[in-house]
Amino acid sequence: MTRLAKWMCSALLALGVSSPAFGYYHFVRFPSRSGPFTPVYEKFDINALPGRTLRYYIAETGPDKISATDSFTSVVSQIKLAAKAWNDVESSELRLVFGGLINPATPQTSPGIDIVFDDEIPPGVIAQAGPITYDYSSLPSGATFVPVVRSKLQLRKDLTRYPLQGGSYEVFETFDEMFFGTLVHEFGHTLGLQHSFTSGAMATRATRATSKARPLTGDDIAGLSVLYPTEAFSRTTGSIRGRVVIGSTGVNMASVVAISPNGPAISALTNPDGTYRIDGIPAGVTYYVYAHPLPTPDSLDPLPGGIYQPWDSLNARGSRITNRELFSTQFHSLTFVVRAGTTVENVDFNVQRRSSLPINVVQTYGFVGQVTVKPAPINGQSASGTVVAWGLAGADGNPVQGLSVRVLGGSDAIPGSIKKYPYAPSYVQFDVMPPYGDGPRHIIFSAGGDQYVLPAAFNLIQRPAPTVDTVTASTDSQGRAAAIVTGKNLASDSRILFDGIQSSVIRTNADGSMLVSLPPAPGGHRARVVALNSDGQSSLFTQGTRATQFTYDPADTGVFALSVNAVPAGSDLLVEVNGTGTNFVEGQTTIGFGSSDIAVRRIWVVSPTKLFANISVVPHSPIASTTVTVNSGLQLFSAPLAFEIQPLNPRQLSINYSSLRNLASGGAGITAGSRASVSVNNLQGQSGVTATLNGNTIRVVGVSGNVVTFEIPADAPNGPAILRIFAADGTGSYPAAINIDAPPPVIQSALAGVSGTLDSSRYVSPHDLMTLVVDNLFEPQSGGDVKVVVGGIEHSPIAVLKNTNGSAQVQIILSSTVPQGDEVPVRVAVETRVSDAFPINIKTN
C-alpha cells in the first residue's frame, strides 16, 4: 500500500494540473461593464476555415525526453487521438485535422493551432493551452464573437515527469489515462472552452471523470456546440434560463447545473447581472437544477475554478469583471423536463452568502486490483461498492464533522461506512448501494450547512474492465497484415488501439479473441495495445503502465517525394506523393504542408506507395518554405523545407476544387456521364476554353465568367481522375484530381433493432439500435467512412455488415439529439456519395 499512498499524495499535490493554464465556461467578453450582458465569445471564425476545418500543427523539434519504450511517433498518435474526440462531436460543425509537423519560424497568416514543447509552464502543470492572437480589425458593431487567429498548446520538453510545487516530481507515460485526459482538456481550451464543474473533459484534473474510452461528456459536447453549432443543434436540444441573486443583486460567475440522476450534467456560468442560459441540454429527460459557487483560489490555483473572468471590452483594451460571491449551494425546488427546441424560463435562485466553503473540491477514486481509477467503478450486480475520496477530511484525517453522503436520486451511503481511509492521509472512504442501470452516477456531500455536488462521482458497471493479454501477428483473408488480440472481458463493442491508432475489428472469435487490422508502423516499432469498452473502461484500468506491447517486424526506413515542390500563393492544385517503404492506407493516411496557409482539400490513397492530394494556398500567404509530413497509421515521414510558397502569380490558372458541383444534384458527387461545373482561378475570356480528363479531351458545355461546365464521359472509371482546364491561348491550369463516384447508396428499408421493418405504424426512439439495409454501399474504390444522417444529426455506425446478396446492414444507435416526429429523413453517405432521403418515425417511448 506504500506505493498507492505515494501515488495518492502526488495526485493531491498535482491537483492544480491545467488550472493556472488558460482555463471553461467559454472565453467571454462583454461590450461594457454596464450591460446588457449578452456574452460575446472568443472563437475561431468557422466561415473563414476551408471546409470548416481547423488544422493543428506539432513542432517538428518534438520533446527533449520521452520514455525509453516510447517514440515521437507514439506521442503524435496520442495527440491525434485526443483531437479526434473533439473532431467527432456530431452537433458541432467544426472539424479538427492534423496539419503536419511545423517549423515554429514558418510565417503564416491563416487560423490554426500550434502544439509546442517548452518549459514555460508553471510547476504542477503538464500542459497549458488557449487562444493567443485575435483579429480585432473586422469587428462590426454588435459583433457576436471575437475571431481567434491562433491558439497554442504547450507541452513540456520532458514527457516522462513534471515538477510539482516543493521540488518533487510526478512520473507519467504518454499512453496513460492521465496524459490523454490532459491532451483532450487542453485541446478544448484551444477551441474556446474554459473550465467546467461537471466532471467532464473540461473539468480540472481533480474532478475529471473521463477516460480514453469515454473522452467527452454531454457538458463538453454542449460547450463546443454552442460555439460551432450545426443547424440541428438548437432544434434537437433544449435550454434552461434564469437568474441567480443574493437578495436583489445578481451573482456573477455562479455555476448553474442541470443534472439527471442517471444521465448527463450540463452547466453554464452566470453573467455579471446574475442571468444565465444553459444550452445543449439533451431533450426528454428530467433534470434537477442547482447553483453553486466556484471553488476558492489557493496556492496551486490563483483563479477561482481556474477560470479567466470576462473582459469588459471587445477589443484589446479593457479589464476583467472580477466580482464574485461565495454562497451556499442550492437546488431548485422543482425538477424540469426539457423539450427539444424549447427553453424553460425563470429557473431562478435566491442564494445565501457565505464567508467560506466547508467543502471546496472533492475527487473520488476506486481500485481495479492495484490500479487507481477515476471515477470509482462500482459493480452494479454487487451489494455495495467502496469509494475513496479526497477533500472530505478534517485536520485530524477523520471525515469532516457532520458529513453525509447521498447518491443523487438514490440512497444515502451505507450507515457506518463513512470513515478515515487507513492507507493515505487526508482521504476518507464510504460504501454505496449501487442503483439500477449503468453509467456515471452523481453524489451530494453535505457538511457545515452546505452541499457539494460531484457529477460522475462513480461509474456503475455491469462487467469488469478488459485486459489485453497477448497480441500476435497474423493476416486477414486477403493476406493483409493483422493481429490476434486475446484478453479478458473483450466484447463486440471493444475497440483496440495500437498506441493512439484505432484498428478495425475484422472478426470476434468464439474463444473471445479478436482479429484486428494492424496499423502501419515503422520497422521494429513497439506499440502499446489497449482495449476500450463502451462502458468507459479500458485495459489501462487493469494493467496500468504495464500495457501489453506489440513489436513490428524490422523494415527499411521509408521516404517520399513530391511531384511539385513550389507554387505561387493563391493556387489550387494536385500534388502527387510517391513513397518508398511506405504503407499508405485508406482512412489512416494524412498529408500536411506545415502552414495554415496551405489547406489539404482531399487525399486519395492510390496504392501503398502513392497518394493524390488536392491542396489550396491562400492568396495572402507570405513567401515561405515549409515542412511536409505524411502520416499513415504509426508511420510518420517528414521533409523539412520541402515545399515553397512563391509570390502570387495573377496569370496562373488553377482549378478551385471546392467549387466542383454536379449540375443535376447540386452536390459535390460526380458520376460517369454527368455534367459538372468548376471555377477556375485567373481564367480570362470565355471562348476557346478546353478541358482534359486523364489527358483525354472532354466536352466543354459552356463558360460563364470563370465557371467552366463540362461533361464526364459515360465510360469514365470510378476513382480519382486528373482534370485540367486550358485557356484559348493554350495556357493550362495546374492539374486537379476529381473523384468519379460509383452510384450513390440506396436505403431499401429500416429496421428497429435488427428486425421489424419500420413503416408508418412503427417508430424508433433516441438511444435505440436501428439497422438500415442499403444497396450500392460497397462499390469498388468507393473508399471513405460511412455516415448516417438522421434529421440533420450525423451518426457513425457501430457496425457495417455485408450481406451475401451484396447489400449492407448499417447499424447505428440513435443519438439523444435526433429530432422527433413523423417522416424524419435518413440519409447514408460515403464521402460525396449521398443517398436519397428515407423517412422514419421517431418518438420517445
# chains A, B, ... in the order shown; residues from 1 in each chain; ligands from 1
$ select_by_dssp --residues "segment 640-755 of chain A" --states "strand (DSSP E)" --output "PyMOL selection string"
chain A and resi 640-646+654-662+670-671+675-681+690-693+696-698+700-704+707-711+719-726+736-741+746-752
$ write_last_selection --atoms "C-alpha atoms" --output "PDB file, in the first residue's frame"
ATOM      1  CA  PRO A 640      11.846  19.901 -43.712  1.00  0.00           C
ATOM      2  CA  LEU A 641      11.809  22.844 -46.145  1.00  0.00           C
ATOM      3  CA  ALA A 642      10.428  20.567 -48.854  1.00  0.00           C
ATOM      4  CA  PHE A 643       7.713  22.904 -50.157  1.00  0.00           C
ATOM      5  CA  GLU A 644       7.917  26.575 -51.134  1.00  0.00           C
ATOM      6  CA  ILE A 645       5.183  29.186 -51.343  1.00  0.00           C
ATOM      7  CA  GLN A 646       6.137  31.700 -54.012  1.00  0.00           C
ATOM      8  CA  SER A 654      -5.787  26.775 -61.147  1.00  0.00           C
ATOM      9  CA  ILE A 655      -8.963  24.802 -60.530  1.00  0.00           C
ATOM     10  CA  ASN A 656     -10.911  25.621 -57.375  1.00  0.00           C
ATOM     11  CA  TYR A 657     -11.668  22.062 -56.264  1.00  0.00           C
ATOM     12  CA  SER A 658     -14.091  23.135 -53.521  1.00  0.00           C
ATOM     13  CA  SER A 659     -16.376  24.712 -56.178  1.00  0.00           C
ATOM     14  CA  LEU A 660     -16.925  21.413 -58.045  1.00  0.00           C
ATOM     15  CA  ARG A 661     -20.645  20.710 -58.455  1.00  0.00           C
ATOM     16  CA  ASN A 662     -22.832  18.117 -60.134  1.00  0.00           C
ATOM     17  CA  ILE A 670     -19.666  13.424 -59.745  1.00  0.00           C
ATOM     18  CA  THR A 671     -20.582  10.262 -61.627  1.00  0.00           C
ATOM     19  CA  ARG A 675     -22.322  17.281 -66.170  1.00  0.00           C
ATOM     20  CA  ALA A 676     -20.242  19.245 -63.704  1.00  0.00           C
ATOM     21  CA  SER A 677     -19.057  22.791 -63.191  1.00  0.00           C
ATOM     22  CA  VAL A 678     -15.975  24.241 -61.527  1.00  0.00           C
ATOM     23  CA  SER A 679     -14.492  27.708 -61.127  1.00  0.00           C
ATOM     24  CA  VAL A 680     -11.009  28.405 -62.491  1.00  0.00           C
ATOM     25  CA  ASN A 681      -8.817  30.989 -60.784  1.00  0.00           C
ATOM     26  CA  THR A 690     -10.903  23.291 -73.428  1.00  0.00           C
ATOM     27  CA  ALA A 691     -10.541  20.569 -70.832  1.00  0.00           C
ATOM     28  CA  THR A 692      -8.907  17.172 -70.421  1.00  0.00           C
ATOM     29  CA  LEU A 693      -9.594  14.276 -68.057  1.00  0.00           C
ATOM     30  CA  ASN A 696      -8.065  12.928 -72.874  1.00  0.00           C
ATOM     31  CA  THR A 697     -10.097  15.827 -74.251  1.00  0.00           C
ATOM     32  CA  ILE A 698     -13.612  16.072 -72.813  1.00  0.00           C
ATOM     33  CA  VAL A 700     -16.799  21.755 -72.502  1.00  0.00           C
ATOM     34  CA  VAL A 701     -20.509  22.593 -72.405  1.00  0.00           C
ATOM     35  CA  GLY A 702     -20.149  26.270 -71.554  1.00  0.00           C
ATOM     36  CA  VAL A 703     -18.212  29.007 -69.795  1.00  0.00           C
ATOM     37  CA  SER A 704     -19.726  31.754 -67.638  1.00  0.00           C
ATOM     38  CA  VAL A 707     -17.001  28.929 -64.240  1.00  0.00           C
ATOM     39  CA  VAL A 708     -16.477  26.091 -66.706  1.00  0.00           C
ATOM     40  CA  THR A 709     -19.149  23.449 -67.291  1.00  0.00           C
ATOM     41  CA  PHE A 710     -18.017  20.116 -68.731  1.00  0.00           C
ATOM     42  CA  GLU A 711     -19.236  16.593 -69.324  1.00  0.00           C
ATOM     43  CA  GLY A 719     -11.991   6.719 -58.689  1.00  0.00           C
ATOM     44  CA  PRO A 720      -9.705   9.749 -58.959  1.00  0.00           C
ATOM     45  CA  ALA A 721      -9.249  11.376 -62.353  1.00  0.00           C
ATOM     46  CA  ILE A 722      -6.945  14.262 -63.264  1.00  0.00           C
ATOM     47  CA  LEU A 723      -8.700  17.341 -64.651  1.00  0.00           C
ATOM     48  CA  ARG A 724      -7.041  20.262 -66.450  1.00  0.00           C
ATOM     49  CA  ILE A 725      -8.580  23.389 -67.989  1.00  0.00           C
ATOM     50  CA  PHE A 726      -6.915  25.296 -70.869  1.00  0.00           C
ATOM     51  CA  ALA A 736      -6.643  18.861 -60.007  1.00  0.00           C
ATOM     52  CA  ALA A 737      -7.991  15.470 -59.018  1.00  0.00           C
ATOM     53  CA  ILE A 738     -11.726  14.902 -59.066  1.00  0.00           C
ATOM     54  CA  ASN A 739     -13.440  11.733 -57.944  1.00  0.00           C
ATOM     55  CA  ILE A 740     -15.714   9.780 -60.285  1.00  0.00           C
ATOM     56  CA  ASP A 741     -18.136   8.273 -57.841  1.00  0.00           C
ATOM     57  CA  VAL A 746     -29.889   3.369 -51.798  1.00  0.00           C
ATOM     58  CA  ILE A 747     -31.711   2.718 -48.496  1.00  0.00           C
ATOM     59  CA  GLN A 748     -34.067  -0.190 -49.085  1.00  0.00           C
ATOM     60  CA  SER A 749     -35.528  -0.494 -45.587  1.00  0.00           C
ATOM     61  CA  ALA A 750     -35.043   0.464 -41.948  1.00  0.00           C
ATOM     62  CA  LEU A 751     -35.353  -1.932 -39.024  1.00  0.00           C
ATOM     63  CA  ALA A 752     -35.980  -1.335 -35.341  1.00  0.00           C
TER      64      ALA A 752
END
$ select_by_dssp --residues "segment 523-715 of chain A" --states "helix (DSSP H, G or I)" --output "list of chain:residue names"
A:Leu540, A:Phe541, A:Thr542, A:Gln543
$ residues_around --residues "Pro375 of chain A" --least-positions-apart "5" --cutoff "6 Å" --atoms "only C-alpha atoms" --output "PyMOL selection string"
chain A and resi 209+364-365+457-458
$ closest_atom_pairs --of "segment 51-75 of chain A" --to "segment 140-164 of chain A" --cutoff "8 Å" --atoms "only C-alpha atoms" --output "Markdown table"
| residue | atom | partner | partner_atom | distance |
| --- | --- | --- | --- | --- |
| A:Gly62 | CA | A:Lys157 | CA | 7.7 |
| A:Pro63 | CA | A:Lys157 | CA | 4.5 |
| A:Asp64 | CA | A:Lys157 | CA | 5.0 |
| A:Lys65 | CA | A:Asp158 | CA | 4.7 |
| A:Ile66 | CA | A:Leu159 | CA | 5.1 |
| A:Ser67 | CA | A:Thr160 | CA | 5.9 |
$ write_last_selection --atoms "N, CA, C and O atoms" --output "short mmCIF file (atom, residue, chain, number, x, y, z; two decimals), in the first residue's frame"
data_model
loop_
_atom_site.label_atom_id
_atom_site.label_comp_id
_atom_site.auth_asym_id
_atom_site.auth_seq_id
_atom_site.Cartn_x
_atom_site.Cartn_y
_atom_site.Cartn_z
N GLY A 62 9.92 18.33 -31.55
CA GLY A 62 9.48 17.30 -30.63
C GLY A 62 9.97 17.54 -29.21
O GLY A 62 10.65 18.53 -28.92
N PRO A 63 9.64 16.63 -28.29
CA PRO A 63 10.11 16.77 -26.91
C PRO A 63 11.58 16.40 -26.79
O PRO A 63 12.13 15.68 -27.63
N ASP A 64 12.22 16.89 -25.73
CA ASP A 64 13.62 16.54 -25.47
C ASP A 64 13.76 15.14 -24.89
O ASP A 64 14.76 14.46 -25.13
N LYS A 65 12.76 14.73 -24.10
CA LYS A 65 12.88 13.46 -23.39
C LYS A 65 11.55 12.73 -23.38
O LYS A 65 10.51 13.31 -23.06
N ILE A 66 11.59 11.46 -23.76
CA ILE A 66 10.43 10.59 -23.67
C ILE A 66 10.89 9.26 -23.09
O ILE A 66 12.08 8.98 -22.99
N SER A 67 9.95 8.41 -22.71
CA SER A 67 10.27 7.12 -22.12
C SER A 67 11.10 6.28 -23.08
O SER A 67 10.97 6.39 -24.31
#
$ closest_atom_pairs --of "segment 279-392 of chain A" --to "segment 403-418 of chain A" --cutoff "12 Å" --atoms "only C-alpha atoms" --output "tab-separated table"
residue	atom	partner	partner_atom	distance
A:Thr286	CA	A:Gly409	CA	11.1
A:Tyr287	CA	A:Gly409	CA	10.6
A:Tyr288	CA	A:Leu408	CA	9.4
A:Val289	CA	A:Leu408	CA	11.8
A:Phe331	CA	A:Leu408	CA	11.6
A:Thr335	CA	A:Gly409	CA	11.7
A:Pro358	CA	A:Leu403	CA	10.1
A:Ile359	CA	A:Leu403	CA	9.9
A:Ala383	CA	A:Ile414	CA	10.6
A:Ser384	CA	A:Ile414	CA	8.3
A:Gly385	CA	A:Ile414	CA	9.7
A:Thr386	CA	A:Ser417	CA	8.8
A:Val387	CA	A:Ile418	CA	9.7
A:Val388	CA	A:Ile418	CA	9.8
A:Ala389	CA	A:Ile418	CA	10.3
A:Gly391	CA	A:Leu403	CA	11.4
A:Leu392	CA	A:Leu403	CA	7.9
$ write_last_selection --atoms "all heavy atoms" --output "tab-separated table (two decimals), in the first residue's frame"
chain	number	residue	atom	x	y	z
A	286	THR	N	-35.63	14.20	-17.28
A	286	THR	CA	-35.95	15.00	-16.11
A	286	THR	C	-34.65	15.47	-15.45
A	286	THR	O	-33.75	14.67	-15.21
A	286	THR	CB	-36.78	14.20	-15.10
A	286	THR	OG1	-38.01	13.81	-15.72
A	286	THR	CG2	-37.08	15.02	-13.86
A	287	TYR	N	-34.59	16.78	-15.15
A	287	TYR	CA	-33.38	17.37	-14.59
A	287	TYR	C	-33.66	18.05	-13.25
A	287	TYR	O	-34.68	18.73	-13.08
A	287	TYR	CB	-32.80	18.42	-15.53
A	287	TYR	CG	-32.24	17.84	-16.81
A	287	TYR	CD1	-33.03	17.73	-17.95
A	287	TYR	CD2	-30.92	17.39	-16.87
A	287	TYR	CE1	-32.53	17.19	-19.11
A	287	TYR	CE2	-30.41	16.85	-18.04
A	287	TYR	CZ	-31.22	16.75	-19.16
A	287	TYR	OH	-30.71	16.21	-20.31
A	288	TYR	N	-32.76	17.84	-12.30
A	288	TYR	CA	-32.62	18.74	-11.17
A	288	TYR	C	-31.75	19.91	-11.65
A	288	TYR	O	-30.88	19.75	-12.51
A	288	TYR	CB	-31.92	18.06	-9.99
A	288	TYR	CG	-32.66	16.90	-9.38
A	288	TYR	CD1	-32.47	15.60	-9.84
A	288	TYR	CD2	-33.52	17.10	-8.31
A	288	TYR	CE1	-33.14	14.52	-9.26
A	288	TYR	CE2	-34.18	16.04	-7.71
A	288	TYR	CZ	-33.99	14.75	-8.20
A	288	TYR	OH	-34.64	13.69	-7.62
A	289	VAL	N	-31.93	21.08	-11.05
A	289	VAL	CA	-31.10	22.23	-11.37
A	289	VAL	C	-30.59	22.81	-10.06
A	289	VAL	O	-31.36	23.01	-9.12
A	289	VAL	CB	-31.87	23.30	-12.17
A	289	VAL	CG1	-30.95	24.45	-12.55
A	289	VAL	CG2	-32.49	22.69	-13.42
A	331	PHE	N	-30.38	23.74	-4.53
A	331	PHE	CA	-31.18	23.06	-5.54
A	331	PHE	C	-32.49	23.80	-5.73
A	331	PHE	O	-33.09	24.28	-4.76
A	331	PHE	CB	-31.47	21.62	-5.12
A	331	PHE	CG	-30.39	20.65	-5.48
A	331	PHE	CD1	-29.28	20.49	-4.64
A	331	PHE	CD2	-30.45	19.90	-6.64
A	331	PHE	CE1	-28.28	19.60	-4.96
A	331	PHE	CE2	-29.45	19.01	-6.98
A	331	PHE	CZ	-28.35	18.86	-6.13
A	335	THR	N	-38.26	20.03	-10.37
A	335	THR	CA	-37.50	19.38	-11.43
A	335	THR	C	-38.11	19.77	-12.76
A	335	THR	O	-39.26	20.22	-12.84
A	335	THR	CB	-37.51	17.85	-11.27
A	335	THR	OG1	-38.87	17.38	-11.30
A	335	THR	CG2	-36.85	17.42	-9.98
A	358	PRO	N	-17.35	24.89	3.43
A	358	PRO	CA	-16.90	23.73	4.22
A	358	PRO	C	-16.32	22.62	3.35
A	358	PRO	O	-15.46	21.86	3.79
A	358	PRO	CB	-18.16	23.28	4.95
A	358	PRO	CG	-19.29	23.85	4.16
A	358	PRO	CD	-18.79	25.12	3.57
A	359	ILE	N	-16.80	22.50	2.11
A	359	ILE	CA	-16.25	21.55	1.14
A	359	ILE	C	-15.95	22.32	-0.12
A	359	ILE	O	-16.84	22.92	-0.73
A	359	ILE	CB	-17.23	20.40	0.84
A	359	ILE	CG1	-17.60	19.64	2.13
A	359	ILE	CG2	-16.62	19.43	-0.19
A	359	ILE	CD1	-18.66	18.58	1.92
A	383	ALA	N	-23.60	-6.04	-3.89
A	383	ALA	CA	-24.44	-5.47	-2.84
A	383	ALA	C	-23.99	-4.06	-2.46
A	383	ALA	O	-24.81	-3.23	-2.03
A	383	ALA	CB	-24.43	-6.37	-1.60
A	384	SER	N	-22.71	-3.76	-2.61
A	384	SER	CA	-22.20	-2.45	-2.27
A	384	SER	C	-20.87	-2.23	-2.98
A	384	SER	O	-20.26	-3.17	-3.50
A	384	SER	CB	-22.01	-2.30	-0.75
A	384	SER	OG	-20.99	-3.19	-0.29
A	385	GLY	N	-20.42	-1.00	-2.98
A	385	GLY	CA	-19.14	-0.64	-3.58
A	385	GLY	C	-18.48	0.45	-2.77
A	385	GLY	O	-19.15	1.30	-2.18
A	386	THR	N	-17.14	0.43	-2.74
A	386	THR	CA	-16.39	1.39	-1.93
A	386	THR	C	-15.85	2.52	-2.80
A	386	THR	O	-15.32	2.28	-3.89
A	386	THR	CB	-15.23	0.69	-1.22
A	386	THR	OG1	-15.76	-0.31	-0.34
A	386	THR	CG2	-14.40	1.68	-0.40
A	387	VAL	N	-15.98	3.74	-2.29
A	387	VAL	CA	-15.43	4.92	-2.92
A	387	VAL	C	-14.44	5.56	-1.96
A	387	VAL	O	-14.73	5.69	-0.77
A	387	VAL	CB	-16.55	5.93	-3.27
A	387	VAL	CG1	-15.96	7.19	-3.90
A	387	VAL	CG2	-17.57	5.30	-4.21
A	388	VAL	N	-13.26	5.93	-2.46
A	388	VAL	CA	-12.27	6.67	-1.69
A	388	VAL	C	-12.28	8.11	-2.18
A	388	VAL	O	-12.34	8.35	-3.39
A	388	VAL	CB	-10.87	6.05	-1.84
A	388	VAL	CG1	-9.81	6.90	-1.12
A	388	VAL	CG2	-10.85	4.62	-1.32
A	389	ALA	N	-12.24	9.08	-1.25
A	389	ALA	CA	-12.39	10.48	-1.65
A	389	ALA	C	-11.39	11.37	-0.92
A	389	ALA	O	-11.06	11.14	0.25
A	389	ALA	CB	-13.81	10.96	-1.36
A	391	GLY	N	-10.72	15.55	0.02
A	391	GLY	CA	-11.45	16.80	0.14
A	391	GLY	C	-12.53	16.76	1.18
A	391	GLY	O	-13.25	17.76	1.37
A	392	LEU	N	-12.66	15.66	1.90
A	392	LEU	CA	-13.74	15.49	2.88
A	392	LEU	C	-13.21	15.24	4.28
A	392	LEU	O	-13.99	14.96	5.19
A	392	LEU	CB	-14.63	14.31	2.47
A	392	LEU	CG	-15.31	14.41	1.10
A	392	LEU	CD1	-16.00	13.10	0.75
A	392	LEU	CD2	-16.31	15.56	1.09
$ residues_around --residues "Gly200 of chain A" --least-positions-apart "3" --cutoff "9 Å" --atoms "only C-alpha atoms" --output "PyMOL selection string"
chain A and resi 185+196-197+203-204+207-210+215-220+265+455-456
$ write_last_selection --atoms "C-alpha atoms" --output "short mmCIF file (atom, residue, chain, number, x, y, z; two decimals), in the first residue's frame"
data_model
loop_
_atom_site.label_atom_id
_atom_site.label_comp_id
_atom_site.auth_asym_id
_atom_site.auth_seq_id
_atom_site.Cartn_x
_atom_site.Cartn_y
_atom_site.Cartn_z
CA HIS A 185 -8.66 19.06 -21.90
CA SER A 196 -16.48 23.46 -16.16
CA PHE A 197 -17.58 21.75 -12.95
CA ALA A 203 -13.04 19.91 -15.54
CA THR A 204 -9.65 20.22 -13.88
CA THR A 207 -12.71 16.19 -10.64
CA ARG A 208 -12.31 14.99 -14.23
CA ALA A 209 -14.08 11.63 -14.70
CA THR A 210 -13.46 10.91 -18.38
CA PRO A 215 -13.25 11.14 -23.53
CA LEU A 216 -16.12 13.67 -23.53
CA THR A 217 -19.30 14.20 -21.54
CA GLY A 218 -22.54 15.89 -22.51
CA ASP A 219 -21.29 19.13 -20.97
CA ASP A 220 -18.17 19.15 -23.17
CA ALA A 265 -24.90 17.14 -16.26
CA PRO A 455 -21.25 14.70 -11.01
CA ALA A 456 -19.93 11.30 -12.16
#
$ closest_residue --among "A:Gly821, A:Pro464, A:Gly274, A:Gly705" --to "Ser248 of chain A" --atoms "only C-alpha atoms"
A:Gly274
